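Visitor: Okay, here's the structure, questions in a sec.
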Amino acid sequence: MVCRLCGAANPPQQTSCVACGMPLEHSPERRGGRRHAESRATWRAWVILCVGLGAALGLLSAREVDGTAAVVVRVLLGGVIGAILGLVPGPVFGMLRRVTALSCRIICDGVVERKLARIRRSCETKDGKPDREMRLRLAAALWLEGARERAGGVLEELVREYPDWPPARHNFAVTQAWSGRLARAAAELERLARELPGSAVLSWNLGLVRWHQGEIEGAAAAFREVAEHSPADLGARNGLALALARLGNPEEGIEELQRALMVARRHPDVFCNLGVLHQRQGEAEVAEQYFTGALRRQPGHPAARYDRGICWMLRGWFRAALEDLDGAARADPECAWPRVQEAVCWYYLGNKARALEYARRAVRQDESDFYVLYNAGTLMVREGAVEGAMTCLEKAYEMRPEDPEVLINLGVACHLVGRPRQALDHFRAAVRLNPRHALARYNCAVAYDMVEMLGEAEEQLEELLKTYPDFPEAFNAIGVVRVLQQRLVEAAAQLRRAADSMPRSAVVRSNLGLTYYLQGDLAAAAEQARWATSLDPDLAAAHDVAGHVALQMGELETAIRHFQELTRLEPTNPDAHANLGLAYYRDDRLNEAVESFKRVLIFSPHSPEGHNDLGLAYAKNKMLDEALKHLDRVKDWRPNNPIVRSNIGVVYYFKADAEHAVEEWREVTRLSPAYARKRQATRFSAYDDQEMSARQIEVRKRVTHFPLKVAGFRHNLRFAWDENAYRMELPSADLQAVERWQARSRSAQLALSRR
């Protein structure tokens, strides 16, 4: 995946560029497409072959039959019988496979239970306390049985009684590591490693403890030591490969796993981990082959199914991804990762309800996993379920307060619930954590603009454009800031750059049209506004600009059309109804003008301009009593306005009330002799509607930002490696046999999860 800003190459699972931090959008090759497995294609071919053979046999049996109808019937009957016979083996073989796997699991579990019960009975003595060998054996049996707390208690007592006995100290350190007491376990294991060099089990446990402590180099050294002593130990080679990958040497990790394949050619874990490392290097097709190979060797392998589902999703095959992710969820019901990734698939397929359902199910299943909370919160932000998003992202932030993308999405959620200051704080914190993160700076600048801190917004955008000079959304944002600062020439230059980068963006075209309108270039403003409304018919700002331009240019039909659309989009905006009424008034459509001006007073009942406009529309429409009622209200608010007084006089004149008309005109002469002389020739025949003007565009309201950007989903792959698989030092052969039977039971359980 190549970043469109800096051109850096990124692994397919990256959500943001490793070099610049810009979010990476994975363009699907076939949104909603489905890729069928080879086995299904082979099965369909087999069924078609059976149908053909059945039809051929039916045709052969009809050679001695007279009549075309009888021949056709026999051919169809033969095809149907062939299809039935071809379909029968599938369900039968599937049932036999499941019965076999279930029988194996029951047998293995029974053998394990009987062996452990026999070991526990043999450890119980009637005369006094069991010796230390028996108690060590009992602790190991309890560990294998799953009663690990009890095993730890027995071992703690042994260590107190025999502080210098290495097997008890070793196994007790294992229980401490399993309980999360890593420092104590590491100290004990390191002392034992100096006392008993060459123990593969000891080195393995020490490597796991160092892995959990974040000492990856120490873990790699321990795993390498195990692999050298036991070349067939796949767990050690897996751990070594993963440690090398985390240390930035994925090629060495791949080589290590390739050597593991020479020891175990059909082991699915090795195939799965090879696929993960190739996927992280961007080799999706190679990774897919390894995941499929792992599933051929173990059809219910949960990590391979999950990883192949992620591979399909990153390539845009969401239906196939859903099939694999659902299989992974059934194979490993305790892991919530498949469910939250299924939610992402449904999001890309456009099914909002299912996406939210799966995201909430994943959160209920595991509220302590960072990736589940982050992905669920991100999806809920994008789908507008803000309350759930806030809950998930706040928990994710508590787990990783140093993650800038969590802060970014948390800031977007705060903005959506109407907390602009809190959103700004989150964006500023994200910028402090990663000053080169383009998304954090962009959102921070937009948030500054929303709280009218234009200087700070300008500073953020200038820093952003220094680092990423080809960021088109930033051109639009800085153009908006320049418009609000009334630096219109610079604003137009930035917005033209944005339009060159995004020629089909209605937002940019609308902002550019508004800038031209404020500069007085009506022709250019009209062109940009028409373009914006054609690209996005529901963009209110573009219709407002287009309507004002058309009104000034005298194109009343065009102005009426745009203001009608504006009132549809913003039905409670009094200015939109006022401008529509003015366009009707100038077009002599007085009934429509009256209705529009009435709506102005519904949403703004104390507007002098609204009453003046409605009064003049009534007057021009010969509805003099209604006109006088509204003009009198304007006179109450503006008693010294000669224009209002003159219009009231004209109304009285047309009502044949000369006394009140003369009284109003005398007041006009007293208030403004110059205006009285100007109106002397026409005041008995016309109204003065010069104050009946268009409502000005609210620049703060009509400049438009792109929405705040949400950081992308995270598609983390799963390694087929249990990082909590601590190994107890088993003191007897029967315990080692129990461990082998448990491994067979787990394999049978995984086989049951195959569809």
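Going by the structure tokens order, chains are called A, B, ..., each with residues numbered from 1, while ligands are numbered from 1 in the order shown.
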So that I can check the surroundings of Cys123 (chain A), please list as a PyMOL selection string every protein, DNA and RNA residue that reaches within 12 Å of it, counting only C-alpha atoms and ignoring chain neighbours fewer than 6 positions away.
Guide: chain A and resi 116-117+129-142
Visitor: Give the alpha helix (DSSP H) residues of region 463-618 of chain A, as DSSP finds them on the backbone, and put them as a CSV table (one decimal) with N, CA and C atoms, in the first residue's frame.
Guide:
chain,number,residue,atom,x,y,z
A,463,GLU,N,2.1,24.4,9.1
A,463,GLU,CA,3.0,23.3,9.5
A,463,GLU,C,2.7,22.0,8.7
A,464,LEU,N,1.4,21.7,8.5
A,464,LEU,CA,1.0,20.5,7.8
A,464,LEU,C,1.5,20.6,6.4
A,465,LEU,N,1.3,21.8,5.7
A,465,LEU,CA,1.7,21.9,4.3
A,465,LEU,C,3.2,22.0,4.1
A,466,LYS,N,4.0,22.4,5.2
A,466,LYS,CA,5.4,22.3,5.0
A,466,LYS,C,5.9,20.9,4.9
A,467,THR,N,5.2,20.0,5.7
A,467,THR,CA,5.6,18.6,5.7
A,467,THR,C,5.0,17.8,4.5
A,472,PRO,N,-4.6,17.8,-0.3
A,472,PRO,CA,-5.7,18.7,-0.9
A,472,PRO,C,-6.7,19.2,0.1
A,473,GLU,N,-7.0,18.4,1.2
A,473,GLU,CA,-7.9,18.8,2.2
A,473,GLU,C,-7.4,20.0,2.9
A,474,ALA,N,-6.1,20.1,3.1
A,474,ALA,CA,-5.4,21.2,3.8
A,474,ALA,C,-5.6,22.5,3.0
A,475,PHE,N,-5.5,22.4,1.6
A,475,PHE,CA,-5.7,23.6,0.8
A,475,PHE,C,-7.1,24.2,1.0
A,476,ASN,N,-8.1,23.3,1.1
A,476,ASN,CA,-9.4,23.8,1.3
A,476,ASN,C,-9.5,24.4,2.7
A,477,ALA,N,-8.9,23.8,3.7
A,477,ALA,CA,-9.0,24.3,5.1
A,477,ALA,C,-8.4,25.6,5.2
A,478,ILE,N,-7.2,25.8,4.6
A,478,ILE,CA,-6.5,27.1,4.8
A,478,ILE,C,-7.2,28.1,3.9
A,479,GLY,N,-7.9,27.7,2.8
A,479,GLY,CA,-8.7,28.7,2.1
A,479,GLY,C,-9.9,29.2,2.9
A,480,VAL,N,-10.5,28.3,3.7
A,480,VAL,CA,-11.6,28.7,4.6
A,480,VAL,C,-11.1,29.7,5.6
A,481,VAL,N,-9.9,29.4,6.2
A,481,VAL,CA,-9.4,30.3,7.2
A,481,VAL,C,-9.1,31.7,6.6
A,482,ARG,N,-8.6,31.7,5.4
A,482,ARG,CA,-8.3,33.0,4.7
A,482,ARG,C,-9.6,33.7,4.4
A,483,VAL,N,-10.7,33.0,4.0
A,483,VAL,CA,-12.0,33.7,3.8
A,483,VAL,C,-12.4,34.3,5.1
A,484,LEU,N,-12.4,33.6,6.2
A,484,LEU,CA,-12.8,34.2,7.5
A,484,LEU,C,-11.9,35.3,7.9
A,488,LEU,N,-9.2,37.5,0.7
A,488,LEU,CA,-9.9,36.8,-0.3
A,488,LEU,C,-9.0,36.4,-1.4
A,489,VAL,N,-8.0,37.2,-1.8
A,489,VAL,CA,-7.1,36.8,-2.9
A,489,VAL,C,-6.3,35.6,-2.6
A,490,GLU,N,-5.8,35.5,-1.3
A,490,GLU,CA,-5.0,34.3,-0.9
A,490,GLU,C,-6.0,33.1,-0.8
A,491,ALA,N,-7.2,33.4,-0.3
A,491,ALA,CA,-8.2,32.3,-0.2
A,491,ALA,C,-8.5,31.7,-1.5
A,492,ALA,N,-8.7,32.5,-2.5
A,492,ALA,CA,-9.0,32.0,-3.9
A,492,ALA,C,-7.9,31.2,-4.4
A,493,ALA,N,-6.6,31.6,-4.2
A,493,ALA,CA,-5.5,30.9,-4.7
A,493,ALA,C,-5.4,29.5,-4.0
A,494,GLN,N,-5.6,29.4,-2.7
A,494,GLN,CA,-5.6,28.1,-2.0
A,494,GLN,C,-6.7,27.2,-2.5
A,495,LEU,N,-7.9,27.8,-2.7
A,495,LEU,CA,-9.1,27.0,-3.1
A,495,LEU,C,-8.9,26.5,-4.5
A,496,ARG,N,-8.3,27.3,-5.4
A,496,ARG,CA,-8.0,26.8,-6.7
A,496,ARG,C,-7.1,25.6,-6.7
A,497,ARG,N,-6.1,25.6,-5.8
A,497,ARG,CA,-5.2,24.5,-5.7
A,497,ARG,C,-6.0,23.3,-5.2
A,498,ALA,N,-6.9,23.5,-4.3
A,498,ALA,CA,-7.7,22.4,-3.8
A,498,ALA,C,-8.6,21.8,-5.0
A,499,ALA,N,-9.1,22.8,-5.8
A,499,ALA,CA,-10.0,22.3,-6.9
A,499,ALA,C,-9.2,21.6,-8.0
A,500,ASP,N,-7.9,22.0,-8.2
A,500,ASP,CA,-7.1,21.2,-9.1
A,500,ASP,C,-6.8,19.8,-8.6
A,501,SER,N,-6.7,19.7,-7.3
A,501,SER,CA,-6.4,18.3,-6.7
A,501,SER,C,-7.7,17.5,-6.6
A,506,ALA,N,-17.6,18.9,-4.4
A,506,ALA,CA,-18.6,20.0,-4.3
A,506,ALA,C,-18.3,21.0,-3.2
A,507,VAL,N,-17.7,20.5,-2.1
A,507,VAL,CA,-17.3,21.4,-1.0
A,507,VAL,C,-16.3,22.5,-1.5
A,508,VAL,N,-15.2,22.0,-2.2
A,508,VAL,CA,-14.2,23.0,-2.7
A,508,VAL,C,-14.9,24.0,-3.7
A,509,ARG,N,-15.7,23.4,-4.6
A,509,ARG,CA,-16.3,24.3,-5.6
A,509,ARG,C,-17.2,25.4,-4.9
A,510,SER,N,-18.0,24.9,-3.9
A,510,SER,CA,-18.8,25.9,-3.2
A,510,SER,C,-18.0,27.0,-2.5
A,511,ASN,N,-16.9,26.6,-1.8
A,511,ASN,CA,-16.1,27.6,-1.1
A,511,ASN,C,-15.5,28.5,-2.1
A,512,LEU,N,-15.0,28.0,-3.3
A,512,LEU,CA,-14.4,28.9,-4.3
A,512,LEU,C,-15.5,29.8,-4.9
A,513,GLY,N,-16.7,29.3,-5.1
A,513,GLY,CA,-17.8,30.2,-5.6
A,513,GLY,C,-18.1,31.3,-4.6
A,514,LEU,N,-18.1,31.0,-3.3
A,514,LEU,CA,-18.4,32.0,-2.2
A,514,LEU,C,-17.3,33.0,-2.2
A,515,THR,N,-16.0,32.6,-2.4
A,515,THR,CA,-14.9,33.5,-2.4
A,515,THR,C,-15.0,34.5,-3.6
A,516,TYR,N,-15.3,34.0,-4.8
A,516,TYR,CA,-15.5,34.8,-6.0
A,516,TYR,C,-16.7,35.8,-5.8
A,517,TYR,N,-17.8,35.3,-5.1
A,517,TYR,CA,-18.9,36.2,-4.9
A,517,TYR,C,-18.5,37.3,-3.9
A,518,LEU,N,-17.8,37.0,-2.9
A,518,LEU,CA,-17.3,38.1,-2.0
A,518,LEU,C,-16.4,39.1,-2.7
A,519,GLN,N,-15.7,38.6,-3.7
A,519,GLN,CA,-14.8,39.5,-4.4
A,519,GLN,C,-15.5,40.3,-5.5
A,522,LEU,N,-19.1,37.9,-10.2
A,522,LEU,CA,-20.4,37.1,-10.2
A,522,LEU,C,-20.4,36.0,-11.3
A,523,ALA,N,-19.7,36.2,-12.4
A,523,ALA,CA,-19.7,35.2,-13.4
A,523,ALA,C,-18.9,33.9,-12.9
A,524,ALA,N,-17.8,34.2,-12.4
A,524,ALA,CA,-17.0,33.0,-11.9
A,524,ALA,C,-17.7,32.4,-10.7
A,525,ALA,N,-18.3,33.2,-9.8
A,525,ALA,CA,-19.0,32.6,-8.7
A,525,ALA,C,-20.2,31.7,-9.2
A,526,ALA,N,-20.9,32.2,-10.2
A,526,ALA,CA,-22.0,31.4,-10.8
A,526,ALA,C,-21.6,30.1,-11.3
A,527,GLU,N,-20.4,30.1,-12.0
A,527,GLU,CA,-19.9,28.8,-12.6
A,527,GLU,C,-19.6,27.8,-11.5
A,528,GLN,N,-18.8,28.3,-10.5
A,528,GLN,CA,-18.4,27.4,-9.4
A,528,GLN,C,-19.7,26.8,-8.7
A,529,ALA,N,-20.6,27.7,-8.4
A,529,ALA,CA,-21.8,27.3,-7.7
A,529,ALA,C,-22.6,26.3,-8.4
A,530,ARG,N,-22.8,26.5,-9.8
A,530,ARG,CA,-23.5,25.6,-10.6
A,530,ARG,C,-22.8,24.2,-10.6
A,531,TRP,N,-21.5,24.2,-10.6
A,531,TRP,CA,-20.7,23.0,-10.6
A,531,TRP,C,-20.9,22.3,-9.3
A,532,ALA,N,-20.9,23.0,-8.2
A,532,ALA,CA,-21.1,22.4,-6.8
A,532,ALA,C,-22.4,21.8,-6.7
A,533,THR,N,-23.5,22.5,-7.1
A,533,THR,CA,-24.8,22.0,-7.0
A,533,THR,C,-25.1,20.7,-7.9
A,534,SER,N,-24.4,20.7,-9.0
A,534,SER,CA,-24.5,19.5,-9.8
A,534,SER,C,-23.8,18.3,-9.2
A,535,LEU,N,-22.6,18.6,-8.5
A,535,LEU,CA,-21.9,17.5,-7.9
A,535,LEU,C,-22.6,17.0,-6.6
A,540,ALA,N,-26.2,22.7,1.0
A,540,ALA,CA,-27.0,24.0,1.2
A,540,ALA,C,-26.2,25.2,0.8
A,541,ALA,N,-24.9,25.2,1.2
A,541,ALA,CA,-24.0,26.4,1.0
A,541,ALA,C,-24.0,26.7,-0.5
A,542,ALA,N,-23.9,25.7,-1.3
A,542,ALA,CA,-23.8,25.9,-2.8
A,542,ALA,C,-25.0,26.5,-3.3
A,543,HIS,N,-26.2,26.1,-2.9
A,543,HIS,CA,-27.5,26.7,-3.3
A,543,HIS,C,-27.6,28.1,-2.8
A,544,ASP,N,-27.1,28.4,-1.6
A,544,ASP,CA,-27.2,29.8,-1.1
A,544,ASP,C,-26.4,30.7,-2.0
A,545,VAL,N,-25.1,30.3,-2.3
A,545,VAL,CA,-24.3,31.1,-3.2
A,545,VAL,C,-24.9,31.3,-4.6
A,546,ALA,N,-25.4,30.2,-5.1
A,546,ALA,CA,-26.0,30.3,-6.5
A,546,ALA,C,-27.2,31.1,-6.5
A,547,GLY,N,-28.0,31.1,-5.5
A,547,GLY,CA,-29.2,31.9,-5.4
A,547,GLY,C,-28.9,33.4,-5.3
A,548,HIS,N,-27.9,33.7,-4.5
A,548,HIS,CA,-27.5,35.1,-4.3
A,548,HIS,C,-26.9,35.7,-5.6
A,549,VAL,N,-26.1,34.9,-6.3
A,549,VAL,CA,-25.5,35.3,-7.6
A,549,VAL,C,-26.6,35.5,-8.6
A,550,ALA,N,-27.5,34.6,-8.7
A,550,ALA,CA,-28.6,34.7,-9.7
A,550,ALA,C,-29.5,35.9,-9.4
A,551,LEU,N,-29.7,36.2,-8.1
A,551,LEU,CA,-30.6,37.3,-7.7
A,551,LEU,C,-29.9,38.6,-8.1
A,552,GLN,N,-28.6,38.7,-7.9
A,552,GLN,CA,-27.9,39.9,-8.3
A,552,GLN,C,-27.8,40.1,-9.8
A,556,LEU,N,-34.1,35.6,-12.2
A,556,LEU,CA,-35.0,35.3,-11.1
A,556,LEU,C,-35.5,33.9,-11.1
A,557,GLU,N,-35.7,33.3,-12.2
A,557,GLU,CA,-36.1,31.9,-12.2
A,557,GLU,C,-35.0,31.0,-11.6
A,558,THR,N,-33.7,31.3,-11.9
A,558,THR,CA,-32.6,30.5,-11.4
A,558,THR,C,-32.5,30.7,-9.9
A,559,ALA,N,-32.7,32.0,-9.5
A,559,ALA,CA,-32.6,32.3,-8.0
A,559,ALA,C,-33.7,31.6,-7.3
A,560,ILE,N,-34.9,31.6,-7.8
A,560,ILE,CA,-36.1,30.9,-7.2
A,560,ILE,C,-35.8,29.4,-7.0
A,561,ARG,N,-35.3,28.8,-8.1
A,561,ARG,CA,-35.0,27.4,-8.0
A,561,ARG,C,-34.0,27.0,-6.9
A,562,HIS,N,-32.9,27.8,-6.8
A,562,HIS,CA,-31.9,27.5,-5.8
A,562,HIS,C,-32.4,27.8,-4.4
A,563,PHE,N,-33.2,28.9,-4.2
A,563,PHE,CA,-33.7,29.2,-2.9
A,563,PHE,C,-34.8,28.2,-2.5
A,564,GLN,N,-35.5,27.7,-3.4
A,564,GLN,CA,-36.4,26.6,-3.1
A,564,GLN,C,-35.7,25.4,-2.6
A,565,GLU,N,-34.6,25.0,-3.2
A,565,GLU,CA,-33.8,23.9,-2.7
A,565,GLU,C,-33.2,24.2,-1.4
A,566,LEU,N,-32.8,25.4,-1.2
A,566,LEU,CA,-32.3,25.8,0.1
A,566,LEU,C,-33.3,25.7,1.2
A,567,THR,N,-34.5,26.1,1.0
A,567,THR,CA,-35.6,26.0,2.0
A,567,THR,C,-36.0,24.5,2.2
A,568,ARG,N,-35.8,23.7,1.2
A,568,ARG,CA,-36.0,22.3,1.4
A,568,ARG,C,-35.0,21.7,2.3
A,569,LEU,N,-33.7,22.1,2.1
A,569,LEU,CA,-32.6,21.5,2.9
A,569,LEU,C,-32.6,22.2,4.3
A,574,PRO,N,-34.8,31.3,8.5
A,574,PRO,CA,-35.6,32.4,8.0
A,574,PRO,C,-35.0,33.2,6.9
A,575,ASP,N,-33.6,33.3,6.8
A,575,ASP,CA,-33.0,34.0,5.7
A,575,ASP,C,-33.3,33.3,4.4
A,576,ALA,N,-33.3,32.0,4.4
A,576,ALA,CA,-33.6,31.3,3.1
A,576,ALA,C,-35.0,31.6,2.6
A,577,HIS,N,-36.0,31.6,3.5
A,577,HIS,CA,-37.4,32.0,3.1
A,577,HIS,C,-37.5,33.5,2.7
A,578,ALA,N,-36.7,34.3,3.4
A,578,ALA,CA,-36.7,35.8,3.0
A,578,ALA,C,-36.2,36.0,1.6
A,579,ASN,N,-35.1,35.3,1.3
A,579,ASN,CA,-34.5,35.5,0.0
A,579,ASN,C,-35.4,34.9,-1.1
A,580,LEU,N,-36.0,33.7,-0.8
A,580,LEU,CA,-37.0,33.2,-1.8
A,580,LEU,C,-38.2,34.1,-2.0
A,581,GLY,N,-38.7,34.7,-0.9
A,581,GLY,CA,-39.8,35.7,-1.0
A,581,GLY,C,-39.4,36.9,-1.8
A,582,LEU,N,-38.2,37.4,-1.7
A,582,LEU,CA,-37.7,38.5,-2.4
A,582,LEU,C,-37.6,38.2,-3.9
A,583,ALA,N,-37.1,37.0,-4.2
A,583,ALA,CA,-37.1,36.6,-5.7
A,583,ALA,C,-38.5,36.5,-6.2
A,584,TYR,N,-39.5,35.9,-5.5
A,584,TYR,CA,-40.9,35.9,-5.9
A,584,TYR,C,-41.4,37.3,-6.1
A,585,TYR,N,-41.1,38.2,-5.2
A,585,TYR,CA,-41.6,39.6,-5.2
A,585,TYR,C,-41.1,40.3,-6.5
A,586,ARG,N,-39.8,40.1,-6.8
A,586,ARG,CA,-39.3,40.8,-7.9
A,586,ARG,C,-39.8,40.2,-9.2
A,590,LEU,N,-46.7,37.5,-6.4
A,590,LEU,CA,-46.9,38.1,-5.1
A,590,LEU,C,-47.5,37.1,-4.1
A,591,ASN,N,-48.4,36.2,-4.6
A,591,ASN,CA,-48.9,35.2,-3.6
A,591,ASN,C,-47.8,34.3,-3.0
A,592,GLU,N,-46.9,33.8,-3.9
A,592,GLU,CA,-45.8,33.0,-3.4
A,592,GLU,C,-44.9,33.8,-2.5
A,593,ALA,N,-44.7,35.1,-2.8
A,593,ALA,CA,-43.9,36.0,-2.0
A,593,ALA,C,-44.5,36.1,-0.6
A,594,VAL,N,-45.8,36.3,-0.5
A,594,VAL,CA,-46.5,36.5,0.8
A,594,VAL,C,-46.3,35.2,1.6
A,595,GLU,N,-46.5,34.0,1.0
A,595,GLU,CA,-46.3,32.8,1.7
A,595,GLU,C,-44.9,32.6,2.3
A,596,SER,N,-43.9,33.0,1.5
A,596,SER,CA,-42.5,32.9,1.9
A,596,SER,C,-42.2,33.9,3.1
A,597,PHE,N,-42.7,35.1,3.0
A,597,PHE,CA,-42.5,36.1,4.0
A,597,PHE,C,-43.2,35.7,5.3
A,598,LYS,N,-44.4,35.0,5.2
A,598,LYS,CA,-45.1,34.5,6.4
A,598,LYS,C,-44.2,33.5,7.1
A,599,ARG,N,-43.5,32.6,6.4
A,599,ARG,CA,-42.6,31.6,7.0
A,599,ARG,C,-41.5,32.3,7.7
A,600,VAL,N,-41.0,33.4,7.1
A,600,VAL,CA,-39.9,34.1,7.8
A,600,VAL,C,-40.4,34.5,9.2
A,601,LEU,N,-41.6,35.0,9.4
A,601,LEU,CA,-42.1,35.4,10.7
A,601,LEU,C,-42.4,34.2,11.6
A,602,ILE,N,-42.7,33.0,11.0
A,602,ILE,CA,-42.8,31.9,11.9
A,602,ILE,C,-41.6,31.6,12.6
A,603,PHE,N,-40.4,31.6,11.9
A,603,PHE,CA,-39.1,31.3,12.6
A,603,PHE,C,-38.4,32.5,13.1
A,608,PRO,N,-37.8,43.0,12.3
A,608,PRO,CA,-38.4,44.2,11.6
A,608,PRO,C,-38.4,44.0,10.0
A,609,GLU,N,-37.2,43.4,9.5
A,609,GLU,CA,-37.1,43.3,8.1
A,609,GLU,C,-38.2,42.3,7.6
A,610,GLY,N,-38.5,41.2,8.4
A,610,GLY,CA,-39.6,40.3,7.9
A,610,GLY,C,-40.9,41.0,7.9
A,611,HIS,N,-41.3,41.8,8.9
A,611,HIS,CA,-42.6,42.5,8.9
A,611,HIS,C,-42.6,43.5,7.7
A,612,ASN,N,-41.5,44.2,7.5
A,612,ASN,CA,-41.5,45.2,6.4
A,612,ASN,C,-41.7,44.5,5.1
A,613,ASP,N,-41.0,43.3,4.8
A,613,ASP,CA,-41.1,42.7,3.5
A,613,ASP,C,-42.5,42.1,3.4
A,614,LEU,N,-43.1,41.5,4.4
A,614,LEU,CA,-44.4,41.0,4.3
A,614,LEU,C,-45.4,42.1,4.1
A,615,GLY,N,-45.2,43.3,4.8
A,615,GLY,CA,-46.1,44.4,4.6
A,615,GLY,C,-46.1,44.9,3.2
A,616,LEU,N,-45.0,45.1,2.6
A,616,LEU,CA,-44.9,45.6,1.2
A,616,LEU,C,-45.5,44.6,0.2
A,617,ALA,N,-45.2,43.3,0.5
A,617,ALA,CA,-45.8,42.2,-0.4
A,617,ALA,C,-47.3,42.3,-0.3
A,618,TYR,N,-47.9,42.4,0.9
A,618,TYR,CA,-49.4,42.6,1.0
A,618,TYR,C,-49.8,43.9,0.3
Visitor: Which neighbours of Gln749 (chain A) fall inside 10 Å, counting only C-alpha atoms, when residues of the same chain fewer than 3 positions from it are skipped, and could you give them as a PDB file with C-alpha atoms, in the first residue's frame?
Guide:
ATOM      1  CA  ARG A  98     -17.398 -34.965  12.379  1.00  0.00           C
ATOM      2  CA  ALA A 101     -13.399 -36.087  15.287  1.00  0.00           C
ATOM      3  CA  LEU A 102     -16.000 -36.130  18.075  1.00  0.00           C
ATOM      4  CA  CYS A 104     -11.445 -38.943  19.031  1.00  0.00           C
ATOM      5  CA  ARG A 105     -12.052 -35.987  21.337  1.00  0.00           C
ATOM      6  CA  ILE A 106     -14.237 -38.040  23.693  1.00  0.00           C
ATOM      7  CA  GLY A 300     -10.349 -26.014  11.718  1.00  0.00           C
ATOM      8  CA  HIS A 301      -7.156 -24.036  12.350  1.00  0.00           C
ATOM      9  CA  ALA A 331     -13.246 -22.483  16.023  1.00  0.00           C
ATOM     10  CA  ALA A 743      -2.598 -32.377  22.324  1.00  0.00           C
ATOM     11  CA  ARG A 744      -4.583 -35.026  20.405  1.00  0.00           C
ATOM     12  CA  SER A 745      -7.817 -33.836  22.043  1.00  0.00           C
ATOM     13  CA  ARG A 746      -7.112 -30.256  20.978  1.00  0.00           C
ATOM     14  CA  LEU A 752     -14.871 -30.274  14.621  1.00  0.00           C
ATOM     15  CA  SER A 753     -14.934 -26.574  13.744  1.00  0.00           C
ATOM     16  CA  ARG A 754     -14.638 -27.197   9.995  1.00  0.00           C
TER      17      ARG A 754
END
